[in-house]
Amino acid sequence: MKEGRRSGFGIIGLGRFGLALAKTLAESGAEVIAIDGDENKLRLIRNHVQDAFRLGKLTKDALEETGIGECETVVVCIGEKVDVSLLTTLNVLNLGVPRVIAKADSVEHGIILERIGAEVVHPEMETATRLAAVLLGSKALDMMRLNDDYVISEIKVNKHLYGKTIRELHLDKYDLNLIALEKEPNITLPGASQDEMLTEDDAILVIGKFADADRFERKVMNRD
């Protein structure tokens, strides 16, 4: 397989985050391969993604058979099982995937993941990240680039949008998809209703192309 032919995303682990990520990527038009050991979880995503595989053991050979090694980016969403997370991440890296992102459940877990060559997501640090971004005056609290086109952007709602609903953001106009509405303290609403009202300290987690996310932030968010 030549590097230039790699494309699409692989999602390993269909917990709440993995499931939402796989679905929103697929709805954005991206090619997605989803992998999990639970057939019930796979049923929730099978009609949305290009391929969905049930794997009881995430060995290198088993992963290779799914074709996930041909993906440009693979996200390992198995943070709560450290040993499985590390071995799976290492197996994906050994398949030659250009970009591997892995969920970490602790600082130590993240350090090891980084040492073996993965990029790390720390869900438990979300509040600290948000506070730092607010203090620095950032509009986007956090942005994770999935590849040259797609990003996941966490954007704090500004005062111009207080009292408006998610529907009134017109995300579809910017070709963005909502992953979740985040409300303080530490409340995340995946797939929130379009009628959900935005209030102070809320943030939206969206996915789409970088250019579209940037256009949304400049035209809708940056009005101060």
# chains A, B, ... in the order shown; residues from 1 in each chain; ligands from 1
call {"tool": "residues_around", "arguments": {"residues": "Ala192 of chain A", "least_positions_apart": "4", "cutoff": "9 Å", "atoms": "only C-alpha atoms", "output": "list of chain:residue names"}}
result
A:Ile166, A:Leu178, A:Ile179, A:Ala180, A:Leu181, A:Thr188, A:Glu196
call {"tool": "select_by_dssp", "arguments": {"residues": "segment 164-215 of chain A", "states": "helix (DSSP H, G or I)", "output": "JSON, numbers by chain"}}
result
{"A": [167, 168, 169, 171, 172, 173, 174, 210, 211, 212, 213, 214, 215]}
call {"tool": "write_last_selection", "arguments": {"atoms": "N, CA, C and O atoms", "output": "mmCIF file, in the first residue's frame"}}
result
data_model
loop_
_atom_site.group_PDB
_atom_site.id
_atom_site.type_symbol
_atom_site.label_atom_id
_atom_site.label_comp_id
_atom_site.auth_asym_id
_atom_site.auth_seq_id
_atom_site.Cartn_x
_atom_site.Cartn_y
_atom_site.Cartn_z
ATOM 1 N N ARG A 167 -30.502 25.479 16.839
ATOM 2 C CA ARG A 167 -31.037 25.636 15.479
ATOM 3 C C ARG A 167 -30.671 27.003 14.901
ATOM 4 O O ARG A 167 -30.362 27.137 13.711
ATOM 5 N N GLU A 168 -30.688 28.017 15.756
ATOM 6 C CA GLU A 168 -30.430 29.379 15.303
ATOM 7 C C GLU A 168 -28.957 29.646 15.001
ATOM 8 O O GLU A 168 -28.611 30.714 14.489
ATOM 9 N N LEU A 169 -28.089 28.684 15.292
ATOM 10 C CA LEU A 169 -26.681 28.813 14.902
ATOM 11 C C LEU A 169 -26.502 28.528 13.407
ATOM 12 O O LEU A 169 -25.483 28.898 12.821
ATOM 13 N N LEU A 171 -25.772 25.745 11.808
ATOM 14 C CA LEU A 171 -24.533 25.011 11.560
ATOM 15 C C LEU A 171 -24.527 24.374 10.173
ATOM 16 O O LEU A 171 -23.468 24.261 9.542
ATOM 17 N N ASP A 172 -25.716 23.957 9.699
ATOM 18 C CA ASP A 172 -25.780 23.333 8.381
ATOM 19 C C ASP A 172 -25.355 24.291 7.273
ATOM 20 O O ASP A 172 -24.799 23.877 6.250
ATOM 21 N N LYS A 173 -25.571 25.568 7.480
ATOM 22 C CA LYS A 173 -25.172 26.587 6.510
ATOM 23 C C LYS A 173 -23.655 26.607 6.339
ATOM 24 O O LYS A 173 -23.137 26.968 5.276
ATOM 25 N N TYR A 174 -22.957 26.182 7.401
ATOM 26 C CA TYR A 174 -21.489 26.158 7.372
ATOM 27 C C TYR A 174 -20.952 24.737 7.190
ATOM 28 O O TYR A 174 -19.758 24.501 7.364
ATOM 29 N N PHE A 210 -11.859 22.240 8.197
ATOM 30 C CA PHE A 210 -11.206 23.353 8.897
ATOM 31 C C PHE A 210 -11.685 24.692 8.361
ATOM 32 O O PHE A 210 -11.988 25.610 9.120
ATOM 33 N N ALA A 211 -11.769 24.827 7.046
ATOM 34 C CA ALA A 211 -12.178 26.101 6.442
ATOM 35 C C ALA A 211 -13.579 26.494 6.872
ATOM 36 O O ALA A 211 -13.863 27.679 7.116
ATOM 37 N N ASP A 212 -14.473 25.510 6.999
ATOM 38 C CA ASP A 212 -15.850 25.807 7.396
ATOM 39 C C ASP A 212 -15.941 26.182 8.874
ATOM 40 O O ASP A 212 -16.693 27.083 9.246
ATOM 41 N N ALA A 213 -15.170 25.481 9.717
ATOM 42 C CA ALA A 213 -15.146 25.825 11.149
ATOM 43 C C ALA A 213 -14.589 27.228 11.341
ATOM 44 O O ALA A 213 -15.090 28.014 12.154
ATOM 45 N N ASP A 214 -13.549 27.555 10.579
ATOM 46 C CA ASP A 214 -12.950 28.889 10.669
ATOM 47 C C ASP A 214 -13.938 29.950 10.207
ATOM 48 O O ASP A 214 -14.071 31.012 10.833
ATOM 49 N N ARG A 215 -14.676 29.675 9.137
ATOM 50 C CA ARG A 215 -15.669 30.621 8.621
ATOM 51 C C ARG A 215 -16.780 30.854 9.634
ATOM 52 O O ARG A 215 -17.225 31.988 9.851
#
call {"tool": "atom_distance", "arguments": {"atom1": "atom CA of Glu154 of chain A", "atom2": "atom CA of Ile204 of chain A"}}
result
5.7 Å
call {"tool": "atom_distance", "arguments": {"atom1": "atom CA of Glu72 of chain A", "atom2": "atom CA of Phe9 of chain A"}}
result
6.2 Å
call {"tool": "residues_around", "arguments": {"residues": "His109 of chain A", "least_positions_apart": "3", "cutoff": "12 Å", "atoms": "only C-alpha atoms", "output": "PyMOL selection string"}}
result
chain A and resi 78-86+89+102-106+112-116+118-122
call {"tool": "write_last_selection", "arguments": {"atoms": "N, CA, C and O atoms", "output": "mmCIF file, in the first residue's frame"}}
result
data_model
loop_
_atom_site.group_PDB
_atom_site.id
_atom_site.type_symbol
_atom_site.label_atom_id
_atom_site.label_comp_id
_atom_site.auth_asym_id
_atom_site.auth_seq_id
_atom_site.Cartn_x
_atom_site.Cartn_y
_atom_site.Cartn_z
ATOM 1 N N ILE A 78 -10.278 3.752 23.617
ATOM 2 C CA ILE A 78 -10.365 2.701 24.649
ATOM 3 C C ILE A 78 -9.611 3.161 25.886
ATOM 4 O O ILE A 78 -8.790 2.444 26.435
ATOM 5 N N GLY A 79 -9.870 4.385 26.338
ATOM 6 C CA GLY A 79 -9.092 4.960 27.423
ATOM 7 C C GLY A 79 -9.188 4.224 28.746
ATOM 8 O O GLY A 79 -8.231 4.165 29.513
ATOM 9 N N GLU A 80 -10.357 3.611 29.043
ATOM 10 C CA GLU A 80 -10.561 3.010 30.365
ATOM 11 C C GLU A 80 -9.832 1.686 30.547
ATOM 12 O O GLU A 80 -9.635 1.238 31.673
ATOM 13 N N LYS A 81 -9.433 1.026 29.465
ATOM 14 C CA LYS A 81 -8.693 -0.228 29.549
ATOM 15 C C LYS A 81 -7.268 0.034 29.073
ATOM 16 O O LYS A 81 -6.966 -0.078 27.884
ATOM 17 N N VAL A 82 -6.408 0.385 30.026
ATOM 18 C CA VAL A 82 -5.079 0.878 29.681
ATOM 19 C C VAL A 82 -4.267 -0.136 28.887
ATOM 20 O O VAL A 82 -3.650 0.201 27.872
ATOM 21 N N ASP A 83 -4.266 -1.398 29.324
ATOM 22 C CA ASP A 83 -3.456 -2.398 28.627
ATOM 23 C C ASP A 83 -3.936 -2.610 27.197
ATOM 24 O O ASP A 83 -3.139 -2.672 26.252
ATOM 25 N N VAL A 84 -5.256 -2.684 27.016
ATOM 26 C CA VAL A 84 -5.819 -2.872 25.676
ATOM 27 C C VAL A 84 -5.557 -1.632 24.822
ATOM 28 O O VAL A 84 -5.223 -1.732 23.641
ATOM 29 N N SER A 85 -5.689 -0.469 25.424
ATOM 30 C CA SER A 85 -5.437 0.782 24.718
ATOM 31 C C SER A 85 -4.010 0.846 24.190
ATOM 32 O O SER A 85 -3.788 1.157 23.014
ATOM 33 N N LEU A 86 -3.047 0.529 25.037
ATOM 34 C CA LEU A 86 -1.637 0.615 24.648
ATOM 35 C C LEU A 86 -1.291 -0.391 23.557
ATOM 36 O O LEU A 86 -0.637 -0.048 22.561
ATOM 37 N N THR A 89 -3.045 0.587 20.261
ATOM 38 C CA THR A 89 -2.381 1.750 19.669
ATOM 39 C C THR A 89 -1.061 1.346 19.025
ATOM 40 O O THR A 89 -0.748 1.773 17.897
ATOM 41 N N ALA A 102 -5.065 8.706 20.385
ATOM 42 C CA ALA A 102 -5.561 7.767 21.396
ATOM 43 C C ALA A 102 -6.073 8.507 22.624
ATOM 44 O O ALA A 102 -5.507 9.523 23.044
ATOM 45 N N LYS A 103 -7.139 7.975 23.191
ATOM 46 C CA LYS A 103 -7.748 8.532 24.401
ATOM 47 C C LYS A 103 -7.003 8.020 25.628
ATOM 48 O O LYS A 103 -6.733 6.824 25.747
ATOM 49 N N ALA A 104 -6.655 8.927 26.532
ATOM 50 C CA ALA A 104 -5.934 8.550 27.757
ATOM 51 C C ALA A 104 -6.798 8.815 28.979
ATOM 52 O O ALA A 104 -7.483 9.831 29.055
ATOM 53 N N ASP A 105 -6.738 7.904 29.950
ATOM 54 C CA ASP A 105 -7.519 8.050 31.173
ATOM 55 C C ASP A 105 -6.735 8.682 32.317
ATOM 56 O O ASP A 105 -7.289 8.948 33.369
ATOM 57 N N SER A 106 -5.427 8.863 32.119
ATOM 58 C CA SER A 106 -4.600 9.464 33.161
ATOM 59 C C SER A 106 -3.375 10.096 32.514
ATOM 60 O O SER A 106 -3.072 9.833 31.344
ATOM 61 N N ILE A 112 2.762 7.378 28.230
ATOM 62 C CA ILE A 112 3.168 6.142 27.548
ATOM 63 C C ILE A 112 2.688 6.160 26.100
ATOM 64 O O ILE A 112 3.425 5.779 25.186
ATOM 65 N N LEU A 113 1.457 6.610 25.885
ATOM 66 C CA LEU A 113 0.924 6.688 24.523
ATOM 67 C C LEU A 113 1.779 7.601 23.653
ATOM 68 O O LEU A 113 2.084 7.289 22.496
ATOM 69 N N GLU A 114 2.189 8.728 24.222
ATOM 70 C CA GLU A 114 3.044 9.654 23.477
ATOM 71 C C GLU A 114 4.412 9.042 23.192
ATOM 72 O O GLU A 114 4.974 9.232 22.110
ATOM 73 N N ARG A 115 4.924 8.283 24.147
ATOM 74 C CA ARG A 115 6.236 7.657 23.971
ATOM 75 C C ARG A 115 6.241 6.655 22.817
ATOM 76 O O ARG A 115 7.242 6.497 22.129
ATOM 77 N N ILE A 116 5.098 5.980 22.623
ATOM 78 C CA ILE A 116 5.076 4.985 21.546
ATOM 79 C C ILE A 116 4.684 5.602 20.202
ATOM 80 O O ILE A 116 4.656 4.914 19.182
ATOM 81 N N ALA A 118 1.847 8.042 19.609
ATOM 82 C CA ALA A 118 0.466 8.477 19.353
ATOM 83 C C ALA A 118 0.246 9.909 19.831
ATOM 84 O O ALA A 118 0.947 10.398 20.712
ATOM 85 N N GLU A 119 -0.737 10.581 19.232
ATOM 86 C CA GLU A 119 -1.233 11.839 19.770
ATOM 87 C C GLU A 119 -2.274 11.490 20.831
ATOM 88 O O GLU A 119 -2.954 10.471 20.714
ATOM 89 N N VAL A 120 -2.394 12.334 21.844
ATOM 90 C CA VAL A 120 -3.197 11.963 23.013
ATOM 91 C C VAL A 120 -4.337 12.939 23.259
ATOM 92 O O VAL A 120 -4.178 14.153 23.139
ATOM 93 N N VAL A 121 -5.503 12.386 23.603
ATOM 94 C CA VAL A 121 -6.659 13.165 24.042
ATOM 95 C C VAL A 121 -6.867 12.865 25.514
ATOM 96 O O VAL A 121 -6.931 11.698 25.913
ATOM 97 N N HIS A 122 -6.960 13.922 26.346
ATOM 98 C CA HIS A 122 -7.154 13.774 27.793
ATOM 99 C C HIS A 122 -8.529 14.311 28.189
ATOM 100 O O HIS A 122 -8.668 15.483 28.520
#
call {"tool": "residues_around", "arguments": {"residues": "Leu58 of chain A", "least_positions_apart": "3", "cutoff": "10 Å", "atoms": "only C-alpha atoms", "output": "list of chain:residue names"}}
result
A:Ile12, A:Ile35, A:Asp36, A:Gly37, A:Arg54, A:Leu55, A:Asp61, A:Ala62, A:Leu63, A:Glu64, A:Val84, A:Ser85, A:Leu87, A:Thr88, A:Thr89, A:Asn91, A:Val92
call {"tool": "residues_around", "arguments": {"residues": "segment 17-28 of chain A", "least_positions_apart": "6", "cutoff": "12 Å", "atoms": "only C-alpha atoms", "output": "NGL selection string"}}
result
:A and (8-11 or 34-36 or 40-52 or 73-79 or 101-103 or 121 or 123 or 146-147 or 149-152 or 172 or 174-180 or 188-192 or 205-209 or 212)
call {"tool": "write_last_selection", "arguments": {"atoms": "C-alpha atoms", "output": "JSON list (two decimals), in the first residue's frame"}}
result
[["chain", "number", "residue", "atom", "x", "y", "z"],
["A", 8, "GLY", "CA", -10.51, 7.98, 5.60],
["A", 9, "PHE", "CA", -10.77, 7.38, 9.32],
["A", 10, "GLY", "CA", -10.67, 4.37, 11.59],
["A", 11, "ILE", "CA", -12.48, 4.42, 14.94],
["A", 34, "ALA", "CA", -15.55, 1.29, 12.89],
["A", 35, "ILE", "CA", -14.33, -1.52, 15.14],
["A", 36, "ASP", "CA", -15.67, -2.80, 18.44],
["A", 40, "ASN", "CA", -24.97, -4.18, 19.86],
["A", 41, "LYS", "CA", -22.77, -1.09, 19.51],
["A", 42, "LEU", "CA", -21.91, -1.98, 15.94],
["A", 43, "ARG", "CA", -25.60, -2.15, 15.06],
["A", 44, "LEU", "CA", -25.92, 1.50, 16.04],
["A", 45, "ILE", "CA", -23.29, 2.59, 13.53],
["A", 46, "ARG", "CA", -23.32, -0.04, 10.76],
["A", 47, "ASN", "CA", -25.76, 1.84, 8.52],
["A", 48, "HIS", "CA", -23.74, 5.05, 8.81],
["A", 49, "VAL", "CA", -20.17, 3.97, 8.10],
["A", 50, "GLN", "CA", -18.39, 2.38, 5.17],
["A", 51, "ASP", "CA", -17.42, -0.73, 7.16],
["A", 52, "ALA", "CA", -17.99, -2.00, 10.70],
["A", 73, "THR", "CA", -6.11, 8.68, 10.67],
["A", 74, "VAL", "CA", -7.11, 6.18, 13.34],
["A", 75, "VAL", "CA", -8.61, 7.16, 16.70],
["A", 76, "VAL", "CA", -8.30, 4.61, 19.53],
["A", 77, "CYS", "CA", -11.17, 5.31, 21.96],
["A", 78, "ILE", "CA", -10.37, 2.70, 24.65],
["A", 79, "GLY", "CA", -9.09, 4.96, 27.42],
["A", 101, "ILE", "CA", -4.86, 9.55, 18.11],
["A", 102, "ALA", "CA", -5.56, 7.77, 21.40],
["A", 103, "LYS", "CA", -7.75, 8.53, 24.40],
["A", 121, "VAL", "CA", -6.66, 13.16, 24.04],
["A", 123, "PRO", "CA", -10.92, 13.99, 28.52],
["A", 146, "LEU", "CA", -8.11, 14.90, 12.27],
["A", 147, "ASN", "CA", -6.41, 15.33, 8.90],
["A", 149, "ASP", "CA", -9.46, 18.75, 5.99],
["A", 150, "TYR", "CA", -11.44, 17.72, 9.08],
["A", 151, "VAL", "CA", -11.27, 19.16, 12.59],
["A", 152, "ILE", "CA", -13.15, 18.77, 15.84],
["A", 172, "ASP", "CA", -25.78, 23.33, 8.38],
["A", 174, "TYR", "CA", -21.49, 26.16, 7.37],
["A", 175, "ASP", "CA", -21.45, 22.40, 6.65],
["A", 176, "LEU", "CA", -20.73, 21.68, 10.32],
["A", 177, "ASN", "CA", -22.23, 18.90, 12.45],
["A", 178, "LEU", "CA", -22.88, 19.14, 16.17],
["A", 179, "ILE", "CA", -21.25, 16.39, 18.25],
["A", 180, "ALA", "CA", -22.34, 17.68, 21.65],
["A", 188, "THR", "CA", -22.14, 16.87, 28.11],
["A", 189, "LEU", "CA", -25.23, 16.40, 25.94],
["A", 190, "PRO", "CA", -24.34, 14.29, 22.88],
["A", 191, "GLY", "CA", -26.68, 14.93, 19.97],
["A", 192, "ALA", "CA", -28.44, 17.76, 21.85],
["A", 205, "LEU", "CA", -18.38, 20.62, 20.02],
["A", 206, "VAL", "CA", -18.58, 20.55, 16.22],
["A", 207, "ILE", "CA", -16.96, 18.59, 13.42],
["A", 208, "GLY", "CA", -16.35, 19.61, 9.85],
["A", 209, "LYS", "CA", -13.74, 20.91, 7.47],
["A", 212, "ASP", "CA", -15.85, 25.81, 7.40]]
call {"tool": "residues_around", "arguments": {"residues": "Leu93 of chain A", "least_positions_apart": "5", "cutoff": "8 Å", "atoms": "only C-alpha atoms", "output": "number ranges by chain"}}
result
A: 98, 100, 117-118
call {"tool": "write_last_selection", "arguments": {"atoms": "all heavy atoms", "output": "PDB file, in the first residue's frame"}}
result
ATOM      1  N   PRO A  98      -0.451   6.827   9.242  1.00  0.00           N
ATOM      2  CA  PRO A  98       0.273   8.099   9.413  1.00  0.00           C
ATOM      3  C   PRO A  98      -0.066   8.863  10.686  1.00  0.00           C
ATOM      4  O   PRO A  98       0.796   9.493  11.284  1.00  0.00           O
ATOM      5  CB  PRO A  98      -0.141   8.902   8.171  1.00  0.00           C
ATOM      6  CG  PRO A  98      -0.581   7.890   7.181  1.00  0.00           C
ATOM      7  CD  PRO A  98      -1.193   6.774   7.982  1.00  0.00           C
ATOM      8  N   VAL A 100      -2.144   8.547  14.420  1.00  0.00           N
ATOM      9  CA  VAL A 100      -2.883   7.748  15.397  1.00  0.00           C
ATOM     10  C   VAL A 100      -3.159   8.624  16.608  1.00  0.00           C
ATOM     11  O   VAL A 100      -2.233   9.164  17.227  1.00  0.00           O
ATOM     12  CB  VAL A 100      -2.097   6.489  15.815  1.00  0.00           C
ATOM     13  CG1 VAL A 100      -2.905   5.685  16.836  1.00  0.00           C
ATOM     14  CG2 VAL A 100      -1.776   5.635  14.599  1.00  0.00           C
ATOM     15  N   GLY A 117       4.362   6.915  20.221  1.00  0.00           N
ATOM     16  CA  GLY A 117       4.163   7.615  18.961  1.00  0.00           C
ATOM     17  C   GLY A 117       2.767   8.087  18.635  1.00  0.00           C
ATOM     18  O   GLY A 117       2.500   8.516  17.510  1.00  0.00           O
ATOM     19  N   ALA A 118       1.847   8.042  19.609  1.00  0.00           N
ATOM     20  CA  ALA A 118       0.466   8.477  19.353  1.00  0.00           C
ATOM     21  C   ALA A 118       0.246   9.909  19.831  1.00  0.00           C
ATOM     22  O   ALA A 118       0.947  10.398  20.712  1.00  0.00           O
ATOM     23  CB  ALA A 118      -0.513   7.554  20.063  1.00  0.00           C
TER      24      ALA A 118
END
